[in-house]
$ cat start.cif   # mmCIF, C-alpha atoms
data_structure
loop_
_atom_site.label_atom_id
_atom_site.label_comp_id
_atom_site.auth_asym_id
_atom_site.auth_seq_id
_atom_site.Cartn_x
_atom_site.Cartn_y
_atom_site.Cartn_z
CA GLN A 30 0.00 0.00 0.00
CA VAL A 31 0.96 3.63 -0.34
CA GLN A 32 -0.44 6.84 1.10
CA LEU A 33 -0.30 9.97 -1.02
CA VAL A 34 -0.44 13.57 0.18
CA GLU A 35 -0.85 16.42 -2.28
CA SER A 36 0.13 20.01 -1.59
CA GLY A 37 0.81 23.24 -3.44
CA GLY A 38 -2.66 24.21 -4.55
CA GLY A 39 -4.05 27.69 -4.15
CA LEU A 40 -5.52 30.75 -5.83
CA VAL A 41 -3.68 32.22 -8.79
CA GLN A 42 -4.49 34.66 -11.56
CA ALA A 43 -4.78 33.55 -15.15
CA GLY A 44 -1.34 33.28 -16.71
CA GLY A 45 0.27 32.42 -13.40
CA SER A 46 2.03 29.29 -12.21
CA LEU A 47 1.76 26.74 -9.44
CA ARG A 48 3.72 23.63 -8.55
CA LEU A 49 1.87 20.72 -7.01
CA SER A 50 3.64 18.07 -4.98
CA CYS A 51 2.59 14.52 -4.20
CA ALA A 52 4.49 12.92 -1.35
CA ALA A 53 4.32 9.14 -1.05
CA SER A 54 4.62 7.16 2.17
CA ARG A 55 7.02 4.68 0.63
CA SER A 56 9.64 4.49 -2.08
CA ILE A 57 8.24 5.26 -5.50
CA VAL A 58 11.06 3.59 -7.40
CA ARG A 59 8.97 0.50 -8.10
CA ILE A 60 5.67 2.30 -8.68
CA ASN A 61 5.05 1.73 -12.37
CA VAL A 62 3.00 4.81 -13.07
CA MET A 63 2.23 7.91 -11.07
CA GLY A 64 -0.12 10.53 -12.34
CA TRP A 65 -2.22 13.58 -11.78
CA TYR A 66 -5.96 13.84 -12.32
CA ARG A 67 -8.38 16.69 -11.74
CA GLN A 68 -12.06 17.15 -11.07
CA ALA A 69 -13.94 20.37 -11.62
CA PRO A 70 -17.30 21.01 -9.91
CA GLY A 71 -20.04 19.02 -11.59
CA GLU A 72 -17.57 17.24 -13.84
CA GLN A 73 -16.04 13.79 -13.93
CA ARG A 74 -12.50 13.25 -12.82
CA GLU A 75 -10.14 13.52 -15.78
CA TRP A 76 -6.59 12.43 -16.39
CA VAL A 77 -4.02 15.23 -16.65
CA ALA A 78 -0.58 13.65 -16.89
CA ASP A 79 1.45 10.65 -15.82
CA ILE A 80 5.03 9.47 -15.55
CA THR A 81 6.40 5.95 -15.61
CA SER A 82 9.11 4.49 -13.43
CA GLY A 83 11.39 4.92 -16.41
CA GLY A 84 10.60 8.61 -16.67
CA MET A 85 8.34 8.56 -19.72
CA THR A 86 5.66 11.23 -19.55
CA SER A 87 2.24 11.68 -21.12
CA TYR A 88 -0.13 14.64 -21.08
CA ALA A 89 -3.72 15.43 -21.84
CA ASP A 90 -4.07 17.66 -24.90
CA SER A 91 -5.60 20.39 -22.77
CA VAL A 92 -2.40 20.83 -20.73
CA LYS A 93 0.30 19.82 -23.19
CA GLY A 94 2.97 22.50 -23.44
CA ARG A 95 1.86 24.17 -20.21
CA PHE A 96 2.19 21.47 -17.54
CA THR A 97 5.23 19.35 -16.71
CA ILE A 98 5.20 16.22 -14.57
CA SER A 99 8.36 15.01 -12.89
CA ARG A 100 9.42 12.66 -10.13
CA ASP A 101 12.17 12.73 -7.52
CA ASN A 102 12.71 9.17 -6.37
CA SER A 103 15.06 10.29 -3.60
CA LYS A 104 12.21 12.30 -2.04
CA ASN A 105 9.41 9.86 -2.92
CA THR A 106 7.66 12.79 -4.55
CA VAL A 107 5.99 13.56 -7.85
CA TYR A 108 5.50 17.12 -9.04
CA LEU A 109 3.22 18.90 -11.46
CA GLN A 110 4.54 22.24 -12.65
CA MET A 111 1.64 24.23 -14.06
CA ASN A 112 2.37 27.32 -16.15
CA SER A 113 0.15 29.67 -18.15
CA LEU A 114 -2.80 28.69 -16.03
CA LYS A 115 -6.30 29.29 -17.33
CA PRO A 116 -9.63 29.61 -15.50
CA GLU A 117 -10.64 26.25 -16.99
CA ASP A 118 -7.78 24.63 -15.06
CA THR A 119 -9.73 25.27 -11.86
CA ALA A 120 -10.32 21.93 -10.15
CA VAL A 121 -9.32 19.66 -7.31
CA TYR A 122 -6.10 17.95 -8.37
CA TYR A 123 -5.49 14.38 -7.26
CA CYS A 124 -2.36 12.30 -7.27
CA ASN A 125 -2.60 8.65 -8.29
CA ALA A 126 -0.21 5.74 -7.95
CA ASN A 127 -0.51 2.42 -9.75
CA LEU A 128 1.20 -0.15 -7.57
CA TYR A 129 1.06 -3.84 -8.48
CA GLY A 130 -2.19 -3.26 -10.37
CA SER A 131 -3.94 -1.37 -7.59
CA GLY A 132 -4.69 2.32 -7.74
CA TYR A 133 -4.17 4.67 -4.82
CA TRP A 134 -5.38 8.25 -4.47
CA GLY A 135 -4.48 11.25 -2.39
CA GLN A 136 -7.03 13.56 -0.79
CA GLY A 137 -6.64 16.25 -3.43
CA THR A 138 -5.55 19.88 -3.49
CA GLN A 139 -7.67 22.75 -4.76
CA VAL A 140 -6.43 24.90 -7.62
CA THR A 141 -8.41 28.02 -8.45
CA VAL A 142 -7.50 30.24 -11.38
CA SER A 143 -9.15 33.64 -11.50
CA SER A 144 -9.72 35.51 -14.75
#

$ encode --input "start.cif" --output "structure tokens"
Amino acid sequence: QVQLVESGGGLVQAGGSLRLSCAASRSIVRINVMGWYRQAPGEQREWVADITSGGMTSYADSVKGRFTISRDNSKNTVYLQMNSLKPEDTAVYYCNANLYGSGYWGQGTQVTVSS
């Protein structure tokens, strides 16, 4: 099992930046895929980005070129650098870990982008 704790959310103006962090309770070296999802009010949770244990990254089209996912295995932490934020990026952002076929979620961190 793994516990995930997100941090770094907040209120930012459009065009601004935030960096989200996801701290894991155990080593993430053997976690195959770690990712970020988001859920806006009244919407379904959607995938934003993920990174494999080998460092390969993937992004949703809506954030490609603006968001960057990275991982620091020495700190058991995954990051999401969000630049050029838009009001439509407003959501609760969740960290996800796929460990031995099971998915684990954090509690989420709120990101609000004002216009």

$ resolve_selection --input "start.cif" --expression "the PyMOL selection byres ((chain A and resi 144) around 9)" --output "number ranges by chain"
A: 42-44, 115-116, 142-143

$ resolve_selection --input "start.cif" --expression "the PyMOL selection byres ((chain A and resi 113) around 12)" --output "NGL selection string"
:A and (41-48 or 91-97 or 110-112 or 114-118 or 142 or 144)

$ residues_around --input "start.cif" --residues "Glu75 in chain A" --least-positions-apart "3" --cutoff "7 Å" --atoms "all atoms listed in the file" --output "list of chain:residue names"
A:Tyr66, A:Arg67, A:Gln68

$ closest_residue --input "start.cif" --among "A:Tyr88, A:Tyr123, A:Tyr108, A:Trp65" --to "Gly135 in chain A" --atoms "all atoms listed in the file"
A:Tyr123

$ residues_around --input "start.cif" --residues "Gly83 in chain A" --least-positions-apart "5" --cutoff "12 Å" --atoms "only C-alpha atoms" --output "list in words"
Ile57, Val58, Arg59, Ile60, Asn61, Val62, Met63, Ser99, Arg100, Asp101 and Asn102 of chain A

$ residues_around --input "start.cif" --residues "Thr138 in chain A" --least-positions-apart "2" --cutoff "10 Å" --atoms "all atoms listed in the file" --output "tab-separated table (two decimals) with C-alpha atoms, in the frame of the given file"
chain	number	residue	atom	x	y	z
A	34	VAL	CA	-0.44	13.57	0.18
A	35	GLU	CA	-0.85	16.42	-2.28
A	36	SER	CA	0.13	20.01	-1.59
A	37	GLY	CA	0.81	23.24	-3.44
A	38	GLY	CA	-2.66	24.21	-4.55
A	39	GLY	CA	-4.05	27.69	-4.15
A	49	LEU	CA	1.87	20.72	-7.01
A	50	SER	CA	3.64	18.07	-4.98
A	51	CYS	CA	2.59	14.52	-4.20
A	67	ARG	CA	-8.38	16.69	-11.74
A	120	ALA	CA	-10.32	21.93	-10.15
A	121	VAL	CA	-9.32	19.66	-7.31
A	122	TYR	CA	-6.10	17.95	-8.37
A	123	TYR	CA	-5.49	14.38	-7.26
A	124	CYS	CA	-2.36	12.30	-7.27
A	135	GLY	CA	-4.48	11.25	-2.39
A	136	GLN	CA	-7.03	13.56	-0.79
A	140	VAL	CA	-6.43	24.90	-7.62
A	141	THR	CA	-8.41	28.02	-8.45

$ closest_residue --input "start.cif" --among "A:Lys104, A:Trp76, A:Tyr129, A:Gln139" --to "Leu40 in chain A" --atoms "only C-alpha atoms"
A:Gln139

$ atom_distance --input "start.cif" --atom1 "CA of Ala52 in chain A" --atom2 "CA of Ala126 in chain A"
10.8 Å

$ resolve_selection --input "start.cif" --expression "the PyMOL selection byres ((chain A and resi 30) around 12)" --output "number ranges by chain"
A: 31-33, 53-57, 60, 126-134

$ atom_distance --input "start.cif" --atom1 "CA of Leu109 in chain A" --atom2 "CA of Ala69 in chain A"
17.2 Å

$ atom_distance --input "start.cif" --atom1 "CA of Gly84 in chain A" --atom2 "CA of Glu72 in chain A"
29.6 Å

$ axis_aligned_box --input "start.cif" --around "range 101-120 of chain A" --padding-each-side "4 Å" --output "lines of an AutoDock Vina configuration file"
center_x = 2.2
center_y = 19.4
center_z = -10.1
size_x = 33.7
size_y = 28.5
size_z = 24.1
